[in-house]
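Okay, structure04.cif is below, mmCIF, C-alpha atoms and all ligand atoms:
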data_data
loop_
_atom_site.group_PDB
_atom_site.id
_atom_site.type_symbol
_atom_site.label_atom_id
_atom_site.label_comp_id
_atom_site.auth_asym_id
_atom_site.auth_seq_id
_atom_site.Cartn_x
_atom_site.Cartn_y
_atom_site.Cartn_z
ATOM 1 C CA MET I 178 0.000 0.000 0.000
ATOM 2 C CA THR I 179 1.237 3.476 -0.824
ATOM 3 C CA VAL I 180 1.895 5.474 2.331
ATOM 4 C CA LEU I 181 0.847 9.114 2.391
ATOM 5 C CA PRO I 182 3.447 11.724 3.391
ATOM 6 C CA ARG I 183 2.871 13.314 6.773
ATOM 7 C CA PRO I 184 1.418 16.824 6.667
ATOM 8 C CA GLU I 185 3.957 19.591 6.264
ATOM 9 C CA SER I 186 2.152 22.213 8.287
ATOM 10 C CA GLY I 187 -1.324 22.876 9.675
ATOM 11 C CA ARG I 188 -4.610 22.213 7.995
ATOM 12 C CA PRO I 189 -5.824 21.737 5.355
ATOM 13 C CA TYR I 190 -3.793 18.852 3.928
ATOM 14 C CA ARG I 191 -3.023 20.147 0.438
ATOM 15 C CA VAL I 192 -3.146 17.787 -2.545
ATOM 16 C CA ALA I 193 -2.177 18.677 -6.127
ATOM 17 C CA VAL I 194 -3.059 16.358 -9.022
ATOM 18 C CA VAL I 195 -0.952 17.042 -12.095
ATOM 19 C CA CYS I 196 -1.016 15.973 -15.752
ATOM 20 C CA LEU I 197 0.424 17.536 -18.912
ATOM 21 C CA GLY I 198 -2.255 19.926 -20.179
ATOM 22 C CA ASN I 199 -4.561 20.226 -17.121
ATOM 23 C CA ILE I 200 -7.569 19.832 -19.398
ATOM 24 C CA CYS I 201 -8.208 16.044 -19.324
ATOM 25 C CA ARG I 202 -6.820 13.709 -16.649
ATOM 26 C CA SER I 203 -5.992 15.910 -13.670
ATOM 27 C CA PRO I 204 -9.218 17.974 -13.960
ATOM 28 C CA MET I 205 -11.194 14.718 -13.939
ATOM 29 C CA ALA I 206 -9.236 13.514 -10.895
ATOM 30 C CA ASP I 207 -9.706 16.930 -9.249
ATOM 31 C CA VAL I 208 -13.516 16.828 -9.645
ATOM 32 C CA VAL I 209 -13.854 13.199 -8.527
ATOM 33 C CA LEU I 210 -11.437 13.509 -5.611
ATOM 34 C CA ASN I 211 -13.154 16.684 -4.391
ATOM 35 C CA ASP I 212 -16.485 14.854 -4.604
ATOM 36 C CA ARG I 213 -15.143 11.947 -2.519
ATOM 37 C CA VAL I 214 -13.476 14.261 0.010
ATOM 38 C CA ALA I 215 -16.781 16.104 0.535
ATOM 39 C CA ALA I 216 -18.739 12.831 0.784
ATOM 40 C CA ALA I 217 -16.297 11.613 3.455
ATOM 41 C CA GLY I 218 -16.880 14.793 5.474
ATOM 42 C CA LEU I 219 -13.266 15.866 4.985
ATOM 43 C CA GLY I 220 -14.017 19.077 3.085
ATOM 44 C CA ASP I 221 -12.531 21.301 5.798
ATOM 45 C CA LEU I 222 -9.438 19.123 6.235
ATOM 46 C CA VAL I 223 -8.327 18.409 2.674
ATOM 47 C CA GLU I 224 -7.803 20.809 -0.240
ATOM 48 C CA VAL I 225 -7.529 19.364 -3.753
ATOM 49 C CA GLU I 226 -6.462 21.321 -6.836
ATOM 50 C CA SER I 227 -5.071 20.413 -10.245
ATOM 51 C CA PHE I 228 -2.347 21.652 -12.587
ATOM 52 C CA GLY I 229 -0.578 20.862 -15.855
ATOM 53 C CA THR I 230 3.172 20.809 -16.338
ATOM 54 C CA GLY I 231 2.513 22.581 -19.673
ATOM 55 C CA GLY I 232 0.978 26.033 -19.936
ATOM 56 C CA TRP I 233 -0.659 25.882 -23.400
ATOM 57 C CA HIS I 234 -4.209 25.645 -22.035
ATOM 58 C CA ALA I 235 -3.877 27.924 -18.995
ATOM 59 C CA GLY I 236 -7.177 29.690 -18.269
ATOM 60 C CA ASN I 237 -9.236 27.288 -20.387
ATOM 61 C CA PRO I 238 -12.053 25.029 -19.215
ATOM 62 C CA MET I 239 -11.453 21.303 -19.378
ATOM 63 C CA ASP I 240 -11.609 19.366 -22.658
ATOM 64 C CA VAL I 241 -15.240 18.983 -23.829
ATOM 65 C CA ARG I 242 -14.908 15.182 -23.850
ATOM 66 C CA ALA I 243 -13.611 15.133 -20.264
ATOM 67 C CA ALA I 244 -16.459 17.440 -19.212
ATOM 68 C CA ALA I 245 -19.069 15.333 -21.051
ATOM 69 C CA THR I 246 -17.794 12.143 -19.401
ATOM 70 C CA LEU I 247 -17.966 13.724 -15.947
ATOM 71 C CA THR I 248 -21.380 15.330 -16.563
ATOM 72 C CA ALA I 249 -22.877 12.037 -17.785
ATOM 73 C CA ALA I 250 -21.690 10.447 -14.527
ATOM 74 C CA GLY I 251 -23.338 13.184 -12.421
ATOM 75 C CA TYR I 252 -20.362 15.430 -11.611
ATOM 76 C CA ASP I 253 -20.061 19.216 -12.016
ATOM 77 C CA ALA I 254 -17.382 19.876 -14.628
ATOM 78 C CA THR I 255 -18.101 23.590 -15.113
ATOM 79 C CA ARG I 256 -15.757 25.211 -12.598
ATOM 80 C CA HIS I 257 -12.379 24.082 -13.890
ATOM 81 C CA ARG I 258 -9.849 26.510 -15.372
ATOM 82 C CA ALA I 259 -6.448 25.148 -16.381
ATOM 83 C CA ARG I 260 -3.338 26.223 -14.452
ATOM 84 C CA GLN I 261 0.335 25.498 -14.968
ATOM 85 C CA PHE I 262 2.517 23.947 -12.245
ATOM 86 C CA THR I 263 5.754 25.936 -12.028
ATOM 87 C CA ARG I 264 8.696 26.254 -9.619
ATOM 88 C CA SER I 265 6.588 28.798 -7.711
ATOM 89 C CA THR I 266 3.810 26.255 -7.116
ATOM 90 C CA THR I 267 4.712 25.201 -3.591
ATOM 91 C CA GLY I 268 3.185 24.208 -0.276
ATOM 92 C CA HIS I 269 1.467 20.957 -1.220
ATOM 93 C CA ASP I 270 1.638 18.052 1.206
ATOM 94 C CA LEU I 271 1.114 15.594 -1.644
ATOM 95 C CA VAL I 272 1.708 15.988 -5.394
ATOM 96 C CA LEU I 273 0.181 13.238 -7.535
ATOM 97 C CA ALA I 274 1.480 12.794 -11.082
ATOM 98 C CA MET I 275 -0.762 11.198 -13.668
ATOM 99 C CA ASP I 276 2.074 9.498 -15.541
ATOM 100 C CA ALA I 277 5.788 8.820 -15.388
ATOM 101 C CA SER I 278 6.624 11.760 -17.634
ATOM 102 C CA ASN I 279 4.655 14.166 -15.423
ATOM 103 C CA HIS I 280 6.438 12.635 -12.407
ATOM 104 C CA SER I 281 9.842 13.286 -13.930
ATOM 105 C CA ASP I 282 8.896 16.860 -14.929
ATOM 106 C CA LEU I 283 7.627 17.588 -11.400
ATOM 107 C CA ALA I 284 10.860 16.295 -9.878
ATOM 108 C CA ASP I 285 12.747 18.620 -12.254
ATOM 109 C CA LEU I 286 10.525 21.481 -11.036
ATOM 110 C CA GLY I 287 11.750 20.855 -7.497
ATOM 111 C CA VAL I 288 8.948 18.799 -5.943
ATOM 112 C CA ALA I 289 10.488 16.786 -3.104
ATOM 113 C CA GLY I 290 10.614 13.056 -3.760
ATOM 114 C CA ASP I 291 8.915 12.110 -0.506
ATOM 115 C CA ARG I 292 5.841 14.201 -1.450
ATOM 116 C CA LEU I 293 5.700 13.163 -5.120
ATOM 117 C CA LEU I 294 3.772 10.010 -6.003
ATOM 118 C CA LEU I 295 2.017 8.525 -8.994
ATOM 119 C CA PHE I 296 -1.756 9.001 -8.716
ATOM 120 C CA ARG I 297 -2.257 5.449 -9.898
ATOM 121 C CA SER I 298 -0.279 4.019 -7.004
ATOM 122 C CA PHE I 299 -3.611 4.330 -5.151
ATOM 123 C CA ASP I 300 -5.530 2.337 -7.791
ATOM 124 C CA PRO I 301 -6.415 -0.991 -6.141
ATOM 125 C CA SER I 302 -6.602 -2.765 -9.526
ATOM 126 C CA PRO I 303 -4.021 -1.131 -11.801
ATOM 127 C CA ASP I 304 -3.129 -2.520 -15.239
ATOM 128 C CA ASP I 305 -0.376 0.087 -15.566
ATOM 129 C CA ASP I 306 1.537 2.613 -13.426
ATOM 130 C CA SER I 307 0.178 5.604 -15.342
ATOM 131 C CA VAL I 308 -3.231 7.103 -16.096
ATOM 132 C CA PRO I 309 -3.213 6.913 -19.922
ATOM 133 C CA ASP I 310 -3.447 10.229 -21.769
ATOM 134 C CA PRO I 311 -6.848 10.256 -23.566
ATOM 135 C CA TYR I 312 -6.250 13.516 -25.479
ATOM 136 C CA TYR I 313 -5.436 12.029 -28.890
ATOM 137 C CA GLY I 314 -7.845 9.086 -28.616
ATOM 138 C CA GLY I 315 -11.597 8.459 -28.597
ATOM 139 C CA ASP I 316 -14.361 8.763 -26.015
ATOM 140 C CA GLU I 317 -13.585 5.327 -24.553
ATOM 141 C CA GLY I 318 -10.280 6.708 -23.300
ATOM 142 C CA PHE I 319 -12.116 9.270 -21.185
ATOM 143 C CA ALA I 320 -14.432 6.588 -19.778
ATOM 144 C CA HIS I 321 -11.335 4.566 -18.858
ATOM 145 C CA VAL I 322 -9.793 7.582 -17.117
ATOM 146 C CA LEU I 323 -13.015 8.089 -15.122
ATOM 147 C CA ASP I 324 -12.970 4.435 -13.991
ATOM 148 C CA ILE I 325 -9.371 4.792 -12.842
ATOM 149 C CA VAL I 326 -9.829 8.100 -11.024
ATOM 150 C CA GLU I 327 -12.962 6.860 -9.240
ATOM 151 C CA ARG I 328 -11.208 3.715 -7.962
ATOM 152 C CA ALA I 329 -8.030 5.520 -6.975
ATOM 153 C CA SER I 330 -9.913 8.431 -5.351
ATOM 154 C CA ASP I 331 -11.953 6.063 -3.175
ATOM 155 C CA ALA I 332 -8.761 4.393 -1.947
ATOM 156 C CA LEU I 333 -6.916 7.680 -1.483
ATOM 157 C CA VAL I 334 -9.740 9.204 0.570
ATOM 158 C CA GLU I 335 -9.729 6.192 2.886
ATOM 159 C CA GLN I 336 -6.028 6.804 3.493
ATOM 160 C CA LEU I 337 -6.562 10.530 3.985
ATOM 161 C CA ARG I 338 -9.256 9.776 6.534
ATOM 162 C CA ALA I 339 -6.907 7.455 8.414
ATOM 163 C CA LEU I 340 -4.066 9.991 8.296
ATOM 164 C CA LEU I 341 -6.230 12.870 9.501
ATOM 165 C CA ASP I 342 -7.865 10.784 12.211
ATOM 166 C CA ARG I 343 -4.371 9.963 13.421
ATOM 167 C CA ARG I 344 -3.548 13.667 13.430
ATOM 168 C CA ASP I 345 -6.550 14.237 15.697
ATOM 169 C CA ALA I 346 -5.302 11.467 18.004
ATOM 170 C CA ASP I 347 -1.766 12.941 17.987
ATOM 171 C CA ARG I 348 -3.137 16.349 18.953
ATOM 172 C CA GLU I 349 -5.127 14.884 21.821
ATOM 173 C CA GLU I 350 -2.061 13.056 23.106
ATOM 174 C CA VAL I 351 -0.045 16.252 23.309
ATOM 175 C CA GLY I 352 -2.992 18.122 24.799
ATOM 176 C CA GLN I 353 -3.607 20.550 21.907
HETATM 177 P P1 LIG B 401 -3.975 15.984 -20.117
HETATM 178 O O1 LIG B 401 -4.107 15.710 -21.700
HETATM 179 O O2 LIG B 401 -2.514 16.042 -19.832
HETATM 180 O O3 LIG B 401 -4.644 14.785 -19.513
HETATM 181 O O4 LIG B 401 -4.702 17.283 -19.865
HETATM 182 C C1 LIG B 401 -3.479 16.511 -22.661
HETATM 183 C C2 LIG B 401 -4.039 17.721 -23.010
HETATM 184 C C3 LIG B 401 -3.434 18.501 -23.972
HETATM 185 C C4 LIG B 401 -2.278 18.067 -24.579
HETATM 186 C C5 LIG B 401 -1.719 16.859 -24.237
HETATM 187 C C6 LIG B 401 -2.322 16.074 -23.260
HETATM 188 N N1 LIG B 401 -1.677 18.857 -25.595
HETATM 189 O O5 LIG B 401 -0.681 18.413 -26.182
HETATM 190 O O6 LIG B 401 -2.139 19.970 -25.867
#
Once you've parsed the file, please lay out its structure as structure tokens.
Amino acid sequence: MTVLPRPESGRPYRVAVVCLGNICRSPMADVVLNDRVAAAGLGDLVEVESFGTGGWHAGNPMDVRAAATLTAAGYDATRHRARQFTRSTTGHDLVLAMDASNHSDLADLGVAGDRLLLFRSFDPSPDDDSVPDPYYGGDEGFAHVLDIVERASDALVEQLRALLDRRDADREEVGQ
């Protein structure tokens, strides 16, 4: 099981999900993970946001196929605007790369290795290490990404709940 890094500072625990363009995979993960965090009652304790290592789409809404896939499954895909992850993007407790190339780019941008993980390391039934890029493919690629991000988000939120519960216990022990 992938172990979550301990929180760097106070609350909330800050999570960044990162792909290449920030219009397909990481926006889908952002929407689904935020949905699961809220459903778990962790909305005040966990902050999720998404970025791309590239800046070509900065300011744009997500890809229409990503939005359609999310909307058909009952999610709100309207609020996303793409942002680029740069050297100035700091302060996240956990940075989750969608694929190995994103992982390598994030390490080059200075993200500490102990806070940088592959998003799919939380997928309980992975057929690959990476979330495949659906941008140049058909609609089925977006459905596949949604399946992956739903499975991985469920598992990740369980771990976040355990980590944050432990933080509560730690605080009680030291009388805070
Ligand atoms: P994403 O997909 O990284 O999942 O957002 C892509 C979006 C745009 C491009 C590549 C991948 N692009 O080359 O513009």
Can you pull out every residue with an atom within 7 Å of ligand LIG 401 (chain B)? Use all atoms listed in the file and format it as a CSV table (one decimal) with C-alpha atoms, keeping the file's coordinate frame.
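Below you can see out-v8.csv, which holds the result:
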chain,number,residue,atom,x,y,z
I,196,CYS,CA,-1.0,16.0,-15.8
I,197,LEU,CA,0.4,17.5,-18.9
I,198,GLY,CA,-2.3,19.9,-20.2
I,199,ASN,CA,-4.6,20.2,-17.1
I,200,ILE,CA,-7.6,19.8,-19.4
I,201,CYS,CA,-8.2,16.0,-19.3
I,202,ARG,CA,-6.8,13.7,-16.6
I,203,SER,CA,-6.0,15.9,-13.7
I,229,GLY,CA,-0.6,20.9,-15.9
I,233,TRP,CA,-0.7,25.9,-23.4
I,310,ASP,CA,-3.4,10.2,-21.8
I,311,PRO,CA,-6.8,10.3,-23.6
I,312,TYR,CA,-6.2,13.5,-25.5
For this session: Could you tell me which residues the PyMOL selection byres (((chain I and resi 330) around 12) and not hetatm) grabs in this file, written as a PyMOL selection string?
Result: chain I and resi 192+194+203+205-217+225+273+296-301+322-329+331-338
Padding 5 Å on each side, edges along x, y and z: where is the centre of the box around the listed atoms of stretch 254-271 of chain I, and how long are its edges in Å to one decimal? Output it as lines of an AutoDock Vina configuration file.
center_x = -4.7
center_y = 22.2
center_z = -7.6
size_x = 36.8
size_y = 23.2
size_z = 27.6
Seminar exercise, completed: The distance between atom CA of I:Arg256 and atom CA of I:Asp240 is 12.4 Å
For this session: Tell me which protein, DNA and RNA residues are within 9 Å of I:Asp306, counting all atoms listed in the file, leaving out same-chain ones fewer than 2 positions away, and put them as a PyMOL selection string.
Result: chain I and resi 275-277+295-298+303-304+308
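Interatomic distance, atom CA of I:Asp270 against atom CA of I:Arg292: 6.3 Å.
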